[in-house]
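Here the structure is laid out as structure tokens; the discussion comes afterwards.
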Amino acid sequence: MRTDDLLDAMAADLRPTPRGAMTLRLAVGAAAGGAVALLLVICLLGLRGDLIEAIGGAFIWIKAGYTVLMAAVAFWAVSRLSRPGGRADAAPWIAGTLVLGFVAAAGMELVSTDSSHHAHMVHGNSFSYCLSAIITLSIPVLAAMLLAMRAFAPTQPTLAGLAAGVFSGAVAATVYGLSCAESTATFVATWYTLGMVLSGALGAAAGRWVLRW
Amino acid sequence: MLRGLDGDAQAYRRLLALLSDRLRLYFARRLGEARDDVEDLVQDTLLAAHTRRATYDRSQPLTPWVYALGRYKLIDHWRRRRIRVHLPIEDYADFLAADSHDPAAAGDLDRVMSGLSAQHQALVRDVKLEGLSLAEAGARASLSEGAAKVALHRAMKRLTERARGHED
């Protein structure tokens, strides 16, 4: 095909691209994936029995704040890395600060309690369940994000996948928080964080292949 | 591009023609003689720019965006063909020379070297920076090769100590 013909064809194919089309597309993907994860929590895992009382307390909001902030950072990184040549150098620092902050809170909690409770505070009642739930719930979100990102042009597919993975892990952890009755900072700092890290790794592995163009 | 994004097909067609010229140059410079590949890559990149035009940030300049697309396609092309390109170093002489005369690095060097005696400074510059042999550098500083070796060793040791001191 001659290049001139190609140019004509592309000019003929042109449709207006609204401002913010990319962010919109990502947001739609995130919302769709998040909705599926929420539905899964409600139908399969069930909301925590004491949800109404818990909402009155502070801890469920702290927990949600942690994961929502992480999701926000990761979403920013995704939208940056979806552009060719895009970088998100600040994202790891912000995310690291968030994790450190939460780990510090967990440390203070541990110091202020008797050491005989420590093992229980880390393991809680449901750690392996919690971890696998977060990773499972992150999969629909990750799929929706990667699908949206395939239309973009990430020049660092692995890194973009990592950001998408952390985002989906954070969204999954947020909705899972509605089902999970654990209420120690130590538990959240350990297992929620690990869940987000592992889904990040999953995203990086997937992105490496899926996001090539 | 902005008018193109808003749907002005004529402006968009002109832009594409302009970009294809730029990209042709860009790829030709990097691929050398493989002319068919150049045209393929130009088409590939333009197609990517067209289908992924939503990734262009209106507040940013256009050329870096286009070249980022082109660069990705070029790397992909090399990876697929498993080509190891041997670029003639003469083409990069300017770049390399510019690099070694980085004013910031030169400033650092002067600062670290300032703690040495004039003779030691001359030895370090001659041997470590300009690549003279010990014998040649020694002759310049009117030392025997052995004495030059010892002096250089002392100078380097002192430099290392000073550099460590700076880091701490």
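Within each chain, counting starts at residue 1; across the structure tokens, chains are named A, B, ... in the order shown, with ligands numbered 1 upward in that order.
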Report task. Kindly provide, as JSON, numbers by chain, the residues of chain B having any atom no farther than 7 Å from an atom of chain A, counting only C-alpha atoms. Result -> {"B": [5, 6, 7, 9, 12, 13, 16, 43, 50, 52, 54, 55, 65, 68, 69, 72]}
How would the residues just picked look written out with N, CA and C atoms as a CSV table (one decimal), in the first residue's frame?
chain,number,residue,atom,x,y,z
B,5,LEU,N,-7.9,16.4,15.8
B,5,LEU,CA,-8.7,15.8,16.9
B,5,LEU,C,-10.1,16.3,16.9
B,6,ASP,N,-10.3,17.5,16.5
B,6,ASP,CA,-11.7,18.0,16.5
B,6,ASP,C,-12.4,17.6,15.2
B,7,GLY,N,-11.8,16.9,14.3
B,7,GLY,CA,-12.5,16.4,13.2
B,7,GLY,C,-12.3,17.1,11.8
B,9,ALA,N,-10.7,17.1,8.7
B,9,ALA,CA,-10.0,16.1,7.9
B,9,ALA,C,-8.9,16.7,7.0
B,12,TYR,N,-5.9,17.5,9.0
B,12,TYR,CA,-5.4,16.3,9.5
B,12,TYR,C,-4.6,15.6,8.4
B,13,ARG,N,-5.1,15.7,7.2
B,13,ARG,CA,-4.4,15.1,6.0
B,13,ARG,C,-3.0,15.8,5.8
B,16,LEU,N,-0.6,14.7,8.5
B,16,LEU,CA,-0.1,13.3,8.3
B,16,LEU,C,1.0,13.3,7.2
B,43,GLN,N,4.5,3.8,7.8
B,43,GLN,CA,3.1,3.5,7.7
B,43,GLN,C,2.6,2.9,9.1
B,50,HIS,N,-2.7,7.3,14.3
B,50,HIS,CA,-4.1,7.5,13.9
B,50,HIS,C,-5.0,6.7,14.9
B,52,ARG,N,-4.4,5.5,17.8
B,52,ARG,CA,-4.2,5.8,19.2
B,52,ARG,C,-4.1,7.3,19.5
B,54,ALA,N,-6.0,9.2,20.7
B,54,ALA,CA,-6.5,9.7,22.0
B,54,ALA,C,-5.4,9.8,23.0
B,55,THR,N,-4.3,9.2,22.8
B,55,THR,CA,-3.2,9.2,23.8
B,55,THR,C,-2.4,10.5,23.7
B,65,TRP,N,5.6,13.2,21.1
B,65,TRP,CA,4.6,12.1,21.1
B,65,TRP,C,4.8,11.2,19.8
B,68,ALA,N,7.9,9.3,20.1
B,68,ALA,CA,7.8,8.2,21.0
B,68,ALA,C,7.2,7.0,20.4
B,69,LEU,N,6.1,7.2,19.6
B,69,LEU,CA,5.5,6.1,18.8
B,69,LEU,C,6.5,5.5,17.9
B,72,TYR,N,9.2,3.4,19.6
B,72,TYR,CA,8.6,2.1,20.0
B,72,TYR,C,8.6,1.1,18.8
Query raised in the report: Excluding same-chain residues fewer than 3 positions from Met156 of chain B, what lies within 12 Å of it counting only C-alpha atoms, as a VMD selection string?
Result: chain B and resid 112 to 113 115 to 117 120 to 121 123 to 125 127 to 128 148 to 153 159 to 163
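Closest approach to Met70 of chain A among A:Gly177, A:Gly169, A:Gly46, A:Gly56 is made by A:Gly169 (distances from only C-alpha atoms).
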Query raised in the report: Would you give me, as an NGL selection string, the residues in segment 24-203 of chain A that DSSP reads as alpha helix (DSSP H)?
Result: :A and (24-40 or 51-56 or 59-81 or 90-111 or 118-123 or 127-149 or 157-176 or 185-187 or 193-203)
Query raised in the report: Can you list, as a list in words, every protein, DNA or RNA residue that comes within 12 Å of Ser20 of chain B when you count only C-alpha atoms, leaving out same-chain residues fewer than 6 positions away?
Result: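 Near Ser20 of chain B, the qualifying residues are Arg2, Thr3, Asp4, Leu6 and Leu7 of chain A; Arg13, Arg14, Tyr26, Phe27, Ala28, Val38, Glu39, Asp40, Leu41, Val42, Gln43, Asp44, Thr45, Leu46, Leu47, Ala49, Thr63, Val66, Tyr67 and Gly70 of chain B.
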Can you write out the residues you just picked, keeping N, CA, C and O atoms, as a JSON list (two decimals), in the first residue's frame?
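Final output, result-v8.json:
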[["chain", "number", "residue", "atom", "x", "y", "z"],
["A", 2, "ARG", "N", 0.53, 2.18, -0.86],
["A", 2, "ARG", "CA", 1.32, 3.41, -0.88],
["A", 2, "ARG", "C", 0.97, 4.28, 0.31],
["A", 2, "ARG", "O", -0.18, 4.33, 0.75],
["A", 3, "THR", "N", 1.97, 4.98, 0.79],
["A", 3, "THR", "CA", 1.75, 5.77, 2.01],
["A", 3, "THR", "C", 0.68, 6.83, 1.80],
["A", 3, "THR", "O", -0.15, 7.08, 2.67],
["A", 4, "ASP", "N", 0.69, 7.44, 0.59],
["A", 4, "ASP", "CA", -0.30, 8.49, 0.33],
["A", 4, "ASP", "C", -1.73, 7.97, 0.44],
["A", 4, "ASP", "O", -2.60, 8.63, 0.99],
["A", 6, "LEU", "N", -2.68, 5.48, 2.19],
["A", 6, "LEU", "CA", -2.93, 5.23, 3.61],
["A", 6, "LEU", "C", -3.35, 6.53, 4.30],
["A", 6, "LEU", "O", -4.30, 6.55, 5.08],
["A", 7, "LEU", "N", -2.63, 7.60, 3.97],
["A", 7, "LEU", "CA", -2.96, 8.89, 4.60],
["A", 7, "LEU", "C", -4.37, 9.31, 4.25],
["A", 7, "LEU", "O", -5.13, 9.78, 5.10],
["B", 13, "ARG", "N", -5.10, 15.66, 7.15],
["B", 13, "ARG", "CA", -4.39, 15.08, 6.01],
["B", 13, "ARG", "C", -3.05, 15.78, 5.80],
["B", 13, "ARG", "O", -2.03, 15.14, 5.54],
["B", 14, "ARG", "N", -3.05, 17.09, 5.95],
["B", 14, "ARG", "CA", -1.80, 17.85, 5.79],
["B", 14, "ARG", "C", -0.81, 17.48, 6.89],
["B", 14, "ARG", "O", 0.37, 17.30, 6.64],
["B", 26, "TYR", "N", 13.56, 10.21, 10.03],
["B", 26, "TYR", "CA", 13.92, 9.63, 11.33],
["B", 26, "TYR", "C", 14.33, 8.17, 11.17],
["B", 26, "TYR", "O", 15.38, 7.74, 11.65],
["B", 27, "PHE", "N", 13.51, 7.41, 10.46],
["B", 27, "PHE", "CA", 13.81, 5.97, 10.30],
["B", 27, "PHE", "C", 14.98, 5.75, 9.35],
["B", 27, "PHE", "O", 15.82, 4.88, 9.57],
["B", 28, "ALA", "N", 15.03, 6.56, 8.28],
["B", 28, "ALA", "CA", 16.11, 6.38, 7.31],
["B", 28, "ALA", "C", 17.46, 6.58, 7.98],
["B", 28, "ALA", "O", 18.41, 5.85, 7.72],
["B", 38, "VAL", "N", 11.91, 1.19, 5.95],
["B", 38, "VAL", "CA", 11.63, 2.57, 6.34],
["B", 38, "VAL", "C", 10.17, 2.89, 6.04],
["B", 38, "VAL", "O", 9.43, 3.37, 6.91],
["B", 39, "GLU", "N", 9.74, 2.57, 4.83],
["B", 39, "GLU", "CA", 8.37, 2.90, 4.45],
["B", 39, "GLU", "C", 7.36, 2.12, 5.30],
["B", 39, "GLU", "O", 6.33, 2.65, 5.72],
["B", 40, "ASP", "N", 7.69, 0.84, 5.57],
["B", 40, "ASP", "CA", 6.81, 0.04, 6.44],
["B", 40, "ASP", "C", 6.67, 0.67, 7.80],
["B", 40, "ASP", "O", 5.56, 0.76, 8.36],
["B", 41, "LEU", "N", 7.80, 1.10, 8.34],
["B", 41, "LEU", "CA", 7.77, 1.68, 9.69],
["B", 41, "LEU", "C", 7.02, 3.01, 9.71],
["B", 41, "LEU", "O", 6.28, 3.30, 10.65],
["B", 42, "VAL", "N", 7.20, 3.80, 8.64],
["B", 42, "VAL", "CA", 6.47, 5.07, 8.56],
["B", 42, "VAL", "C", 4.97, 4.78, 8.59],
["B", 42, "VAL", "O", 4.21, 5.38, 9.37],
["B", 43, "GLN", "N", 4.55, 3.80, 7.79],
["B", 43, "GLN", "CA", 3.12, 3.48, 7.74],
["B", 43, "GLN", "C", 2.63, 2.94, 9.08],
["B", 43, "GLN", "O", 1.55, 3.31, 9.56],
["B", 44, "ASP", "N", 3.43, 2.06, 9.65],
["B", 44, "ASP", "CA", 3.08, 1.48, 10.96],
["B", 44, "ASP", "C", 2.87, 2.56, 12.01],
["B", 44, "ASP", "O", 1.91, 2.53, 12.78],
["B", 45, "THR", "N", 3.84, 3.49, 12.04],
["B", 45, "THR", "CA", 3.79, 4.53, 13.06],
["B", 45, "THR", "C", 2.61, 5.47, 12.84],
["B", 45, "THR", "O", 1.91, 5.83, 13.78],
["B", 46, "LEU", "N", 2.37, 5.83, 11.56],
["B", 46, "LEU", "CA", 1.25, 6.72, 11.29],
["B", 46, "LEU", "C", -0.07, 6.05, 11.65],
["B", 46, "LEU", "O", -0.97, 6.68, 12.20],
["B", 47, "LEU", "N", -0.14, 4.76, 11.36],
["B", 47, "LEU", "CA", -1.36, 4.02, 11.69],
["B", 47, "LEU", "C", -1.56, 4.00, 13.21],
["B", 47, "LEU", "O", -2.68, 4.22, 13.70],
["B", 49, "ALA", "N", -0.38, 6.23, 15.25],
["B", 49, "ALA", "CA", -0.73, 7.59, 15.66],
["B", 49, "ALA", "C", -2.21, 7.84, 15.41],
["B", 49, "ALA", "O", -2.89, 8.50, 16.20],
["B", 63, "THR", "N", 5.55, 16.74, 18.56],
["B", 63, "THR", "CA", 6.66, 15.92, 18.04],
["B", 63, "THR", "C", 7.15, 14.85, 19.01],
["B", 63, "THR", "O", 7.37, 13.72, 18.59],
["B", 66, "VAL", "N", 4.91, 11.88, 18.69],
["B", 66, "VAL", "CA", 5.06, 11.12, 17.45],
["B", 66, "VAL", "C", 6.34, 10.31, 17.47],
["B", 66, "VAL", "O", 6.36, 9.12, 17.13],
["B", 67, "TYR", "N", 7.44, 10.94, 17.94],
["B", 67, "TYR", "CA", 8.71, 10.21, 17.95],
["B", 67, "TYR", "C", 8.70, 9.09, 18.97],
["B", 67, "TYR", "O", 9.37, 8.07, 18.79],
["B", 70, "GLY", "N", 7.19, 6.38, 17.14],
["B", 70, "GLY", "CA", 8.14, 5.88, 16.15],
["B", 70, "GLY", "C", 9.25, 5.06, 16.78],
["B", 70, "GLY", "O", 9.64, 4.02, 16.27]]
**Report entry** Close residues, Glu136 of chain B itself excluded, 12 Å, only C-alpha atoms, min 2 positions apart in chain, as a ChimeraX atom specification
**Finding:** /B:122-123,126-127,130-134,138-146,148-149
